[in-house]
Structures are given as C-alpha cells and as structure tokens.
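Raw start_13.pdb, PDB, C-alpha atoms and all ligand atoms:
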```pdb
ATOM      1  CA  MET A   1      76.713  -6.216 -96.394
ATOM      2  CA  GLY A   2      75.780  -5.758 -92.763
ATOM      3  CA  VAL A   3      73.744  -2.711 -91.873
ATOM      4  CA  SER A   4      75.170  -0.662 -89.042
ATOM      5  CA  LYS A   5      72.946   1.090 -86.532
ATOM      6  CA  GLN A   6      74.173   4.374 -87.862
ATOM      7  CA  MET A   7      73.061   3.477 -91.363
ATOM      8  CA  ILE A   8      69.626   2.450 -90.171
ATOM      9  CA  ARG A   9      69.249   5.745 -88.360
ATOM     10  CA  MET A  10      70.361   7.579 -91.479
ATOM     11  CA  MET A  11      67.903   5.707 -93.629
ATOM     12  CA  SER A  12      64.983   6.233 -91.332
ATOM     13  CA  ASP A  13      65.618   9.926 -91.819
ATOM     14  CA  GLY A  14      65.085   9.333 -95.502
ATOM     15  CA  GLU A  15      68.578  10.479 -96.426
ATOM     16  CA  VAL A  16      68.699   8.336 -99.543
ATOM     17  CA  ALA A  17      65.305   9.507-100.768
ATOM     18  CA  LYS A  18      66.294  13.110-100.123
ATOM     19  CA  ALA A  19      69.603  12.794-101.926
ATOM     20  CA  LEU A  20      67.919  10.980-104.808
ATOM     21  CA  LYS A  21      65.350  13.728-105.189
ATOM     22  CA  ASN A  22      68.110  16.311-105.219
ATOM     23  CA  VAL A  23      70.071  14.439-107.894
ATOM     24  CA  LEU A  24      66.927  14.035-110.017
ATOM     25  CA  GLU A  25      66.301  17.760-109.821
ATOM     26  CA  ARG A  26      69.870  18.422-110.917
ATOM     27  CA  VAL A  27      69.438  15.959-113.811
ATOM     28  CA  THR A  28      66.282  17.738-114.929
ATOM     29  CA  THR A  29      67.857  21.176-114.642
ATOM     30  CA  ALA A  30      70.922  20.087-116.608
ATOM     31  CA  ALA A  31      68.701  18.473-119.239
ATOM     32  CA  LYS A  32      66.634  21.641-119.639
ATOM     33  CA  ALA A  33      69.779  23.712-120.083
ATOM     34  CA  ARG A  34      70.983  21.648-123.071
ATOM     35  CA  LYS A  35      71.072  22.965-126.576
ATOM     36  CA  GLN A  36      67.998  22.099-128.601
ATOM     37  CA  ASP A  37      69.767  19.562-130.848
ATOM     38  CA  LEU A  38      70.754  17.561-127.772
ATOM     39  CA  VAL A  39      67.232  17.693-126.397
ATOM     40  CA  LEU A  40      66.061  16.090-129.623
ATOM     41  CA  LEU A  41      68.665  13.341-129.247
ATOM     42  CA  CYS A  42      67.484  12.384-125.799
ATOM     43  CA  GLU A  43      64.406  13.779-124.129
ATOM     44  CA  GLU A  44      65.237  13.013-120.508
ATOM     45  CA  PRO A  45      68.530  11.366-119.535
ATOM     46  CA  ARG A  46      68.239   8.211-117.471
ATOM     47  CA  LEU A  47      69.598   8.178-113.939
ATOM     48  CA  VAL A  48      71.230   4.925-112.885
ATOM     49  CA  ALA A  49      71.651   4.789-109.115
ATOM     50  CA  VAL A  50      74.939   3.003-108.427
ATOM     51  CA  SER A  51      74.430   0.982-105.262
ATOM     52  CA  LYS A  52      77.701  -0.963-105.111
ATOM     53  CA  THR A  53      78.903  -1.738-101.584
ATOM     54  CA  LYS A  54      75.626  -0.356-100.199
ATOM     55  CA  PRO A  55      73.042  -2.456 -98.334
ATOM     56  CA  LYS A  56      69.811  -3.559 -99.967
ATOM     57  CA  GLU A  57      67.819  -1.398 -97.552
ATOM     58  CA  MET A  58      69.183   1.672 -99.316
ATOM     59  CA  ILE A  59      68.142   0.279-102.690
ATOM     60  CA  GLU A  60      64.672  -0.367-101.312
ATOM     61  CA  GLU A  61      64.464   3.183-100.018
ATOM     62  CA  ALA A  62      65.464   4.660-103.370
ATOM     63  CA  TYR A  63      63.026   2.340-105.116
ATOM     64  CA  ALA A  64      60.222   3.397-102.788
ATOM     65  CA  ALA A  65      61.086   6.991-103.730
ATOM     66  CA  GLY A  66      60.541   6.149-107.389
ATOM     67  CA  GLN A  67      63.973   5.090-108.665
ATOM     68  CA  ARG A  68      63.943   2.075-111.011
ATOM     69  CA  HIS A  69      67.385   1.826-112.655
ATOM     70  CA  PHE A  70      70.228   0.583-110.455
ATOM     71  CA  GLY A  71      73.832  -0.215-111.328
ATOM     72  CA  GLU A  72      76.335  -2.556-109.722
ATOM     73  CA  ASN A  73      79.840  -3.374-110.818
ATOM     74  CA  TYR A  74      80.780  -6.424-108.797
ATOM     75  CA  VAL A  75      79.007  -9.396-110.354
ATOM     76  CA  GLN A  76      78.940 -11.401-107.150
ATOM     77  CA  GLU A  77      77.343  -8.558-105.219
ATOM     78  CA  LEU A  78      74.795  -7.901-107.959
ATOM     79  CA  VAL A  79      73.851 -11.576-108.143
ATOM     80  CA  GLN A  80      73.318 -11.642-104.408
ATOM     81  CA  LYS A  81      71.190  -8.498-104.355
ATOM     82  CA  ALA A  82      69.165  -9.362-107.445
ATOM     83  CA  HIS A  83      68.276 -12.802-106.053
ATOM     84  CA  ASP A  84      67.334 -11.459-102.631
ATOM     85  CA  LEU A  85      63.693 -12.410-102.124
ATOM     86  CA  GLU A  86      62.820  -9.461 -99.935
ATOM     87  CA  LEU A  87      64.363  -7.032-102.413
ATOM     88  CA  GLN A  88      62.520  -8.744-105.281
ATOM     89  CA  GLU A  89      59.249  -8.423-103.423
ATOM     90  CA  LYS A  90      59.768  -4.752-102.551
ATOM     91  CA  CYS A  91      61.255  -3.794-105.911
ATOM     92  CA  PRO A  92      59.389  -5.822-108.535
ATOM     93  CA  GLU A  93      60.145  -3.419-111.388
ATOM     94  CA  ILE A  94      63.803  -2.862-110.627
ATOM     95  CA  LYS A  95      66.044  -2.605-113.694
ATOM     96  CA  TRP A  96      69.640  -3.726-113.175
ATOM     97  CA  HIS A  97      72.612  -2.353-115.078
ATOM     98  CA  VAL A  98      75.917  -4.217-115.054
ATOM     99  CA  ILE A  99      78.585  -1.502-115.008
ATOM    100  CA  GLY A 100      81.687  -3.488-114.053
ATOM    101  CA  HIS A 101      84.169  -5.676-115.866
ATOM    102  CA  ILE A 102      82.805  -9.161-116.610
ATOM    103  CA  GLN A 103      85.095 -12.168-116.391
ATOM    104  CA  SER A 104      84.193 -14.948-118.798
ATOM    105  CA  ASN A 105      83.458 -17.393-115.981
ATOM    106  CA  LYS A 106      80.767 -15.020-114.652
ATOM    107  CA  ILE A 107      78.764 -14.656-117.868
ATOM    108  CA  ASN A 108      76.165 -17.284-117.021
ATOM    109  CA  LYS A 109      75.595 -15.638-113.656
ATOM    110  CA  VAL A 110      75.200 -12.256-115.317
ATOM    111  CA  VAL A 111      72.606 -13.354-117.867
ATOM    112  CA  GLY A 112      70.692 -15.175-115.144
ATOM    113  CA  ILE A 113      70.168 -12.013-113.103
ATOM    114  CA  PRO A 114      66.449 -11.411-112.572
ATOM    115  CA  ASN A 115      65.351  -8.063-114.076
ATOM    116  CA  LEU A 116      68.646  -7.561-115.886
ATOM    117  CA  TYR A 117      68.132  -4.462-118.040
ATOM    118  CA  MET A 118      71.473  -3.642-119.619
ATOM    119  CA  VAL A 119      75.091  -4.751-119.698
ATOM    120  CA  GLU A 120      77.132  -1.574-120.078
ATOM    121  CA  THR A 121      80.561  -3.148-120.207
ATOM    122  CA  VAL A 122      80.996  -5.197-123.383
ATOM    123  CA  ASP A 123      84.532  -4.534-124.589
ATOM    124  CA  THR A 124      85.627  -7.455-126.769
ATOM    125  CA  PRO A 125      84.001  -9.439-129.592
ATOM    126  CA  LYS A 126      84.703 -12.570-127.571
ATOM    127  CA  LEU A 127      82.705 -11.279-124.601
ATOM    128  CA  ALA A 128      79.892 -10.156-126.918
ATOM    129  CA  ASN A 129      79.741 -13.617-128.500
ATOM    130  CA  ALA A 130      79.701 -15.351-125.140
ATOM    131  CA  ILE A 131      76.926 -13.124-123.767
ATOM    132  CA  ASN A 132      75.008 -13.595-127.007
ATOM    133  CA  ARG A 133      75.166 -17.392-126.650
ATOM    134  CA  ALA A 134      74.356 -17.329-122.950
ATOM    135  CA  TRP A 135      71.378 -15.016-123.440
ATOM    136  CA  ALA A 136      69.945 -17.363-126.097
ATOM    137  CA  LYS A 137      69.825 -20.130-123.495
ATOM    138  CA  GLN A 138      67.730 -17.917-121.223
ATOM    139  CA  ASN A 139      64.849 -18.181-123.728
ATOM    140  CA  LYS A 140      63.828 -14.572-123.263
ATOM    141  CA  ASP A 141      61.630 -12.975-125.890
ATOM    142  CA  THR A 142      63.636  -9.746-125.966
ATOM    143  CA  LYS A 143      67.178  -8.961-126.945
ATOM    144  CA  LEU A 144      69.578  -8.037-124.151
ATOM    145  CA  LYS A 145      70.636  -4.391-124.327
ATOM    146  CA  VAL A 146      74.390  -3.926-124.265
ATOM    147  CA  LEU A 147      76.730  -0.968-124.462
ATOM    148  CA  VAL A 148      80.231  -1.016-125.880
ATOM    149  CA  GLN A 149      82.620   0.181-123.183
ATOM    150  CA  VAL A 150      85.293   2.434-124.650
ATOM    151  CA  ASN A 151      88.635   3.096-122.982
ATOM    152  CA  THR A 152      88.608   6.766-123.901
ATOM    153  CA  SER A 153      91.611   7.658-121.767
ATOM    154  CA  SER A 154      93.753   4.856-123.239
ATOM    155  CA  GLU A 155      94.901   3.861-119.782
ATOM    156  CA  GLU A 156      96.209   0.327-119.773
ATOM    157  CA  ASN A 157      94.708  -0.557-116.434
ATOM    158  CA  LYS A 158      91.197   0.413-117.503
ATOM    159  CA  SER A 159      88.706  -1.853-119.204
ATOM    160  CA  GLY A 160      87.193  -0.899-122.494
ATOM    161  CA  ILE A 161      88.016  -1.187-126.154
ATOM    162  CA  GLN A 162      90.210   1.405-127.857
ATOM    163  CA  PRO A 163      88.211   4.221-129.488
ATOM    164  CA  SER A 164      89.490   3.223-132.934
ATOM    165  CA  GLU A 165      88.043  -0.298-132.445
ATOM    166  CA  ALA A 166      84.704   0.737-130.960
ATOM    167  CA  GLY A 167      82.948   0.922-134.323
ATOM    168  CA  SER A 168      83.993  -2.531-135.402
ATOM    169  CA  LEU A 169      82.829  -4.038-132.098
ATOM    170  CA  PHE A 170      79.521  -2.180-132.410
ATOM    171  CA  ASN A 171      79.153  -3.522-135.942
ATOM    172  CA  HIS A 172      80.094  -7.007-134.744
ATOM    173  CA  ILE A 173      77.293  -6.950-132.179
ATOM    174  CA  ILE A 174      74.747  -5.795-134.750
ATOM    175  CA  THR A 175      75.751  -8.315-137.396
ATOM    176  CA  GLN A 176      76.972 -11.323-135.377
ATOM    177  CA  CYS A 177      75.037 -11.230-132.118
ATOM    178  CA  PRO A 178      71.326 -11.592-132.932
ATOM    179  CA  ASN A 179      70.342 -11.914-129.258
ATOM    180  CA  LEU A 180      71.935  -8.612-128.290
ATOM    181  CA  GLU A 181      70.809  -5.062-128.945
ATOM    182  CA  ALA A 182      73.720  -2.686-129.504
ATOM    183  CA  ALA A 183      72.210   0.161-127.508
ATOM    184  CA  GLY A 184      75.154   2.537-127.332
ATOM    185  CA  LEU A 185      78.532   3.395-125.861
ATOM    186  CA  MET A 186      79.871   3.777-122.340
ATOM    187  CA  THR A 187      82.988   5.269-120.791
ATOM    188  CA  ILE A 188      84.323   5.660-117.279
ATOM    189  CA  GLY A 189      87.092   8.066-118.191
ATOM    190  CA  ALA A 190      89.519   9.963-116.035
ATOM    191  CA  PHE A 191      88.179  10.806-112.588
ATOM    192  CA  ASP A 192      90.144  13.934-112.020
ATOM    193  CA  HIS A 193      89.414  16.133-115.013
ATOM    194  CA  ASP A 194      89.229  19.820-114.090
ATOM    195  CA  LEU A 195      86.068  21.119-115.759
ATOM    196  CA  SER A 196      87.245  24.719-115.432
ATOM    197  CA  ILE A 197      89.789  23.885-118.160
ATOM    198  CA  GLY A 198      87.105  22.793-120.581
ATOM    199  CA  PRO A 199      84.891  19.836-121.519
ATOM    200  CA  ASN A 200      85.975  16.394-120.353
ATOM    201  CA  PRO A 201      88.095  14.918-123.183
ATOM    202  CA  ASP A 202      86.909  11.373-122.403
ATOM    203  CA  MET A 203      83.334  12.418-122.933
ATOM    204  CA  GLU A 204      84.225  14.267-126.097
ATOM    205  CA  CYS A 205      85.990  11.148-127.308
ATOM    206  CA  LEU A 206      82.818   9.120-126.729
ATOM    207  CA  LEU A 207      80.800  11.715-128.669
ATOM    208  CA  LYS A 208      83.254  11.393-131.562
ATOM    209  CA  CYS A 209      83.012   7.596-131.468
ATOM    210  CA  ARG A 210      79.242   7.821-131.774
ATOM    211  CA  ALA A 211      79.417  10.316-134.617
ATOM    212  CA  GLN A 212      81.807   8.039-136.508
ATOM    213  CA  ILE A 213      79.713   4.930-135.912
ATOM    214  CA  CYS A 214      76.534   6.668-137.015
ATOM    215  CA  GLU A 215      78.222   7.932-140.149
ATOM    216  CA  ASP A 216      79.851   4.606-141.055
ATOM    217  CA  MET A 217      76.754   2.515-140.369
ATOM    218  CA  SER A 218      74.078   5.049-141.344
ATOM    219  CA  LEU A 219      72.563   4.971-137.881
ATOM    220  CA  ASP A 220      70.450   7.645-136.234
ATOM    221  CA  PRO A 221      72.380   9.005-133.203
ATOM    222  CA  LYS A 222      69.058   8.958-131.379
ATOM    223  CA  ASN A 223      69.381   5.179-131.301
ATOM    224  CA  VAL A 224      72.931   5.133-129.941
ATOM    225  CA  GLU A 225      73.016   5.958-126.244
ATOM    226  CA  LEU A 226      75.925   7.498-124.377
ATOM    227  CA  SER A 227      76.539   6.329-120.822
ATOM    228  CA  MET A 228      78.872   8.873-119.238
ATOM    229  CA  GLY A 229      78.903  11.032-116.131
ATOM    230  CA  MET A 230      79.168  10.099-112.462
ATOM    231  CA  SER A 231      78.690  11.923-109.141
ATOM    232  CA  ASN A 232      81.232  14.642-109.761
ATOM    233  CA  ASP A 233      80.403  15.411-113.380
ATOM    234  CA  PHE A 234      76.938  14.138-114.330
ATOM    235  CA  GLU A 235      75.540  17.611-115.011
ATOM    236  CA  HIS A 236      78.432  18.383-117.331
ATOM    237  CA  ALA A 237      77.910  15.015-119.051
ATOM    238  CA  ILE A 238      74.230  15.740-119.607
ATOM    239  CA  GLY A 239      75.124  19.182-120.885
ATOM    240  CA  ILE A 240      77.165  17.694-123.707
ATOM    241  CA  GLY A 241      74.863  14.809-124.569
ATOM    242  CA  SER A 242      74.906  11.947-122.060
ATOM    243  CA  THR A 243      71.732   9.857-122.122
ATOM    244  CA  ASN A 244      72.589   7.694-119.116
ATOM    245  CA  VAL A 245      74.379   8.961-116.000
ATOM    246  CA  ARG A 246      75.670   6.608-113.299
ATOM    247  CA  VAL A 247      75.544   8.250-109.886
ATOM    248  CA  GLY A 248      76.572   6.469-106.703
ATOM    249  CA  SER A 249      78.042   8.357-103.772
ATOM    250  CA  THR A 250      75.932  11.488-104.199
ATOM    251  CA  ILE A 251      72.829   9.355-103.640
ATOM    252  CA  PHE A 252      74.017   6.669-101.236
ATOM    253  CA  GLY A 253      76.899   8.401 -99.468
ATOM    254  CA  ALA A 254      80.642   7.835 -99.714
ATOM    255  CA  ARG A 255      81.836   4.259-100.049
ATOM    256  CA  ASN A 256      84.231   3.043 -97.368
ATOM    257  CA  ILE A 257      85.976   0.269 -99.184
ATOM    258  CA  GLN A 258      87.025   0.505-102.799
ATOM    259  CA  LYS A 259      87.104  -3.129-103.828
ATOM    260  CA  SER A 260      88.981  -3.737-107.028
TER
HETATM  261  C1  LIG B   1      81.198   3.400-108.857
HETATM  262  C2  LIG B   1      80.860   3.714-110.260
HETATM  263  C3  LIG B   1      80.049   4.813-110.578
HETATM  264  C4  LIG B   1      79.508   5.789-109.554
HETATM  265  O1  LIG B   1      80.524   6.541-109.019
HETATM  266  P1  LIG B   1      80.205   7.789-108.036
HETATM  267  O2  LIG B   1      81.387   8.651-108.188
HETATM  268  O3  LIG B   1      80.043   7.220-106.689
HETATM  269  O4  LIG B   1      78.969   8.423-108.533
HETATM  270  C5  LIG B   1      79.747   5.013-111.911
HETATM  271  N1  LIG B   1      80.216   4.206-112.880
HETATM  272  C6  LIG B   1      80.985   3.147-112.606
HETATM  273  C7  LIG B   1      81.444   2.277-113.719
HETATM  274  C8  LIG B   1      81.340   2.870-111.293
HETATM  275  O5  LIG B   1      82.127   1.826-111.040
END
```
Kindly present the structure from the file in structure tokens form.
Amino acid sequence: MGVSKQMIRMMSDGEVAKALKNVLERVTTAAKARKQDLVLLCEEPRLVAVSKTKPKEMIEEAYAAGQRHFGENYVQELVQKAHDLELQEKCPEIKWHVIGHIQSNKINKVVGIPNLYMVETVDTPKLANAINRAWAKQNKDTKLKVLVQVNTSSEENKSGIQPSEAGSLFNHIITQCPNLEAAGLMTIGAFDHDLSIGPNPDMECLLKCRAQICEDMSLDPKNVELSMGMSNDFEHAIGIGSTNVRVGSTIFGARNIQKS
C-alpha cells in the first residue's frame, strides 16, 4: 500500500473529500426522491466508503471530511488498516464494515478488528455459528451486527446463500446466535445490468427476500436493512429501498489491481 507521489498530490488537492461530498449529495437527492413508504422504512441511507486497495491516507482524508463508515473486502488488508496506530489516532470513531468473503481461518482476525461495526457477508449457518462463538470470546457488551449475503444472481462463482435459503439463515442467526444481531440482507449482484431496461433484478430479488422474511417471522421491515448499490447504481438502489450503499471508485478513484 505504498503512496505514489501522484496520489499525494491528488490528495492534497482534496480530491477524495470533494468526491465524497459529491456522492453524499447524490445520496441525499436520491433519498429525497423516494416514495414516501420507502422514506418511512429508512430515513437516510448509510454511505459506506469502500477503501479496498486504497492507502490509509485516503481513508484519513475522507474521515476528516466527515465520513465514518468504511468497507473493506480483503480481511488481511482490513486487519492491517484497522490496527494502524496513526489511522486509529486520526479516525477514532471509524466504523468498519466487512464486505468480502470470510474464510473460516480468518474469523478470529475479523472479530478482533478494532471498531468493527458490521459483517455484511454471512452466507452459511456454519460461518454464523463460528462468528457467534468468536464474538463471545471478545467479551463485548454489544451484539455484532451481521447481514446475510444473498446470491441473488445465482452465479456459482459468487458468494452468498441462495434466495430460497436466506430466510432460514436469518432465522438461524436470530434463534441460534445470541451474540449476533441479524441486521439485514446484502447482495453484490450482477455488475452489468442496464438500468434503461428496468430495475435491477438482483435488487428486486433482495427486496422480495426481505418481504418474505418479514412475513414469515413477523418482523418490521424497518428493522431489516438492505445493503445494495455500488458506484454505478447506488442512486437506483436508494430509489428502490437500499438502506446501505457501498461506494468505492467514485470516492477514491479507479482501482488498478482487482485482487481476487
Ligand atoms: C469493491 C466493492 C464495492 C465498491 O465497488 P465500486 O464499484 O468501486 O463502488 C462494493 N461492494 C463490494 C462487495 C465490493 O467488493
């Protein structure tokens, strides 16, 4: 995570802060344009700034500009950033979201992340159980918020539980994982949906999953978040009910390397 001279120049111009402000304005505008029933479900959607592959200086700049929620999807990188003493000192109220696949041998590292706010990628009962046990050992006085990641596009190479199984995993977390708070659902979905054709079917699938879960378990949809929407479609996502958008490149610039 070296910082090139070019990046430093860019940052001293406040590019990240500027881009962040612009995205926040777009979030607010999209939120205001929602139908009234959606406004009641979620007053102001949360922006998670996705800082993967980006240097800590950019996180610090966004934090200084008021951003608090940050997402990372490579556990090793998140662990490194979250334990960085300078970052901790400059960003004492940072709230980390885990948005990438979690291998079972990384669970203890994940739960040990300082200022961990939410794990968005729980997709099996086994993973839920393991995080539940690991969180208990942390002796925290709050439950750990988790989202059930749903593979709405049914692509084999994508993480996430099948939509038909999402309800039973959600129920499992509520009934079997006392140290976890089942906070909602998350999807990544297809990247290349053409919005001129109509609403994103992955997002609509997530909406249906929530409706089913709320009906089956008599839950208030207000208490079941939807994490959907990224740089290219976060306004659309908010328009149809997202409560948590994950925006990376529009804030921090394009990523050079797509690690897998
Ligand atoms: C990288 C990533 C994002 C952000 O993607 P952008 O297109 O850069 O906004 C959001 N969600 C997940 C799960 C990601 O891995």
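Of the listed residues A:Lys140, A:Lys126, A:Arg210, A:Arg255, the one whose atoms come nearest to Ile107 (chain A) is A:Lys126, with distances taken using all atoms listed in the file.
Near ligand LIG 1 (chain B), at a distance of at most 7 Å and with all atoms listed in the file counted, sit the residues Val50, Lys52, Asn73, Ile99, Gly100, Ile188, Met230, Ser231, Asn232, Arg246, Val247, Gly248, Ser249 and Thr250 of chain A.
One distance worth recording is that between CA of Glu25 (chain A) and CA of Glu72 (chain A), which is 22.7 Å.
Atom to atom, CA of Ala190 (chain A) and CA of Leu116 (chain A) stand 27.3 Å apart.
For the set A:Asn139, A:Cys42, A:Leu147, A:Gln80, the residue with the smallest atom-to-atom gap to Pro221 (chain A) is A:Cys42, counting only C-alpha atoms.
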*Given the file above and the PyMOL selection byres (((chain A and resi 187) around 6) and not hetatm), which residues are selected, and can you give them as a PyMOL selection string?*
chain A and resi 149-150+186+188-189+228
Could you write out as lines of an AutoDock Vina configuration file the box around region 126-138 of chain A (axis-aligned, all atoms listed in the file, 8 Å on each side), with centre and edge lengths in Å to one decimal?
```
center_x = 76.2
center_y = -15.1
center_z = -124.9
size_x = 33.0
size_y = 26.0
size_z = 23.3
```
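Distances to Lys109 (chain A) were evaluated for A:Met203, A:Leu195, A:Ala128, A:Val75 using all atoms listed in the file, and the minimum falls at A:Val75.
Residues in contact with His236 (chain A) at 8 Å, where all atoms listed in the file are counted and same-chain residues fewer than 5 positions away are skipped, are listed as Ala30, Pro199 and Gly229 of chain A.
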*Do a neighbour search on region 151-162 of chain A at 12 Å with all atoms listed in the file, toss out local chain neighbours closer than 5 positions, and write the hits as a ChimeraX atom specification.*
/A:99-103,120-127,167-170,185-193,200-209,228,260
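The spacing separating CA of Pro92 (chain A) from CA of Ser51 (chain A) amounts to 16.8 Å.
In this comparison, which uses all atoms listed in the file, the residue of A:Lys81, A:Lys222, A:Lys95, A:Lys18 approaching Leu38 (chain A) most closely is A:Lys222.
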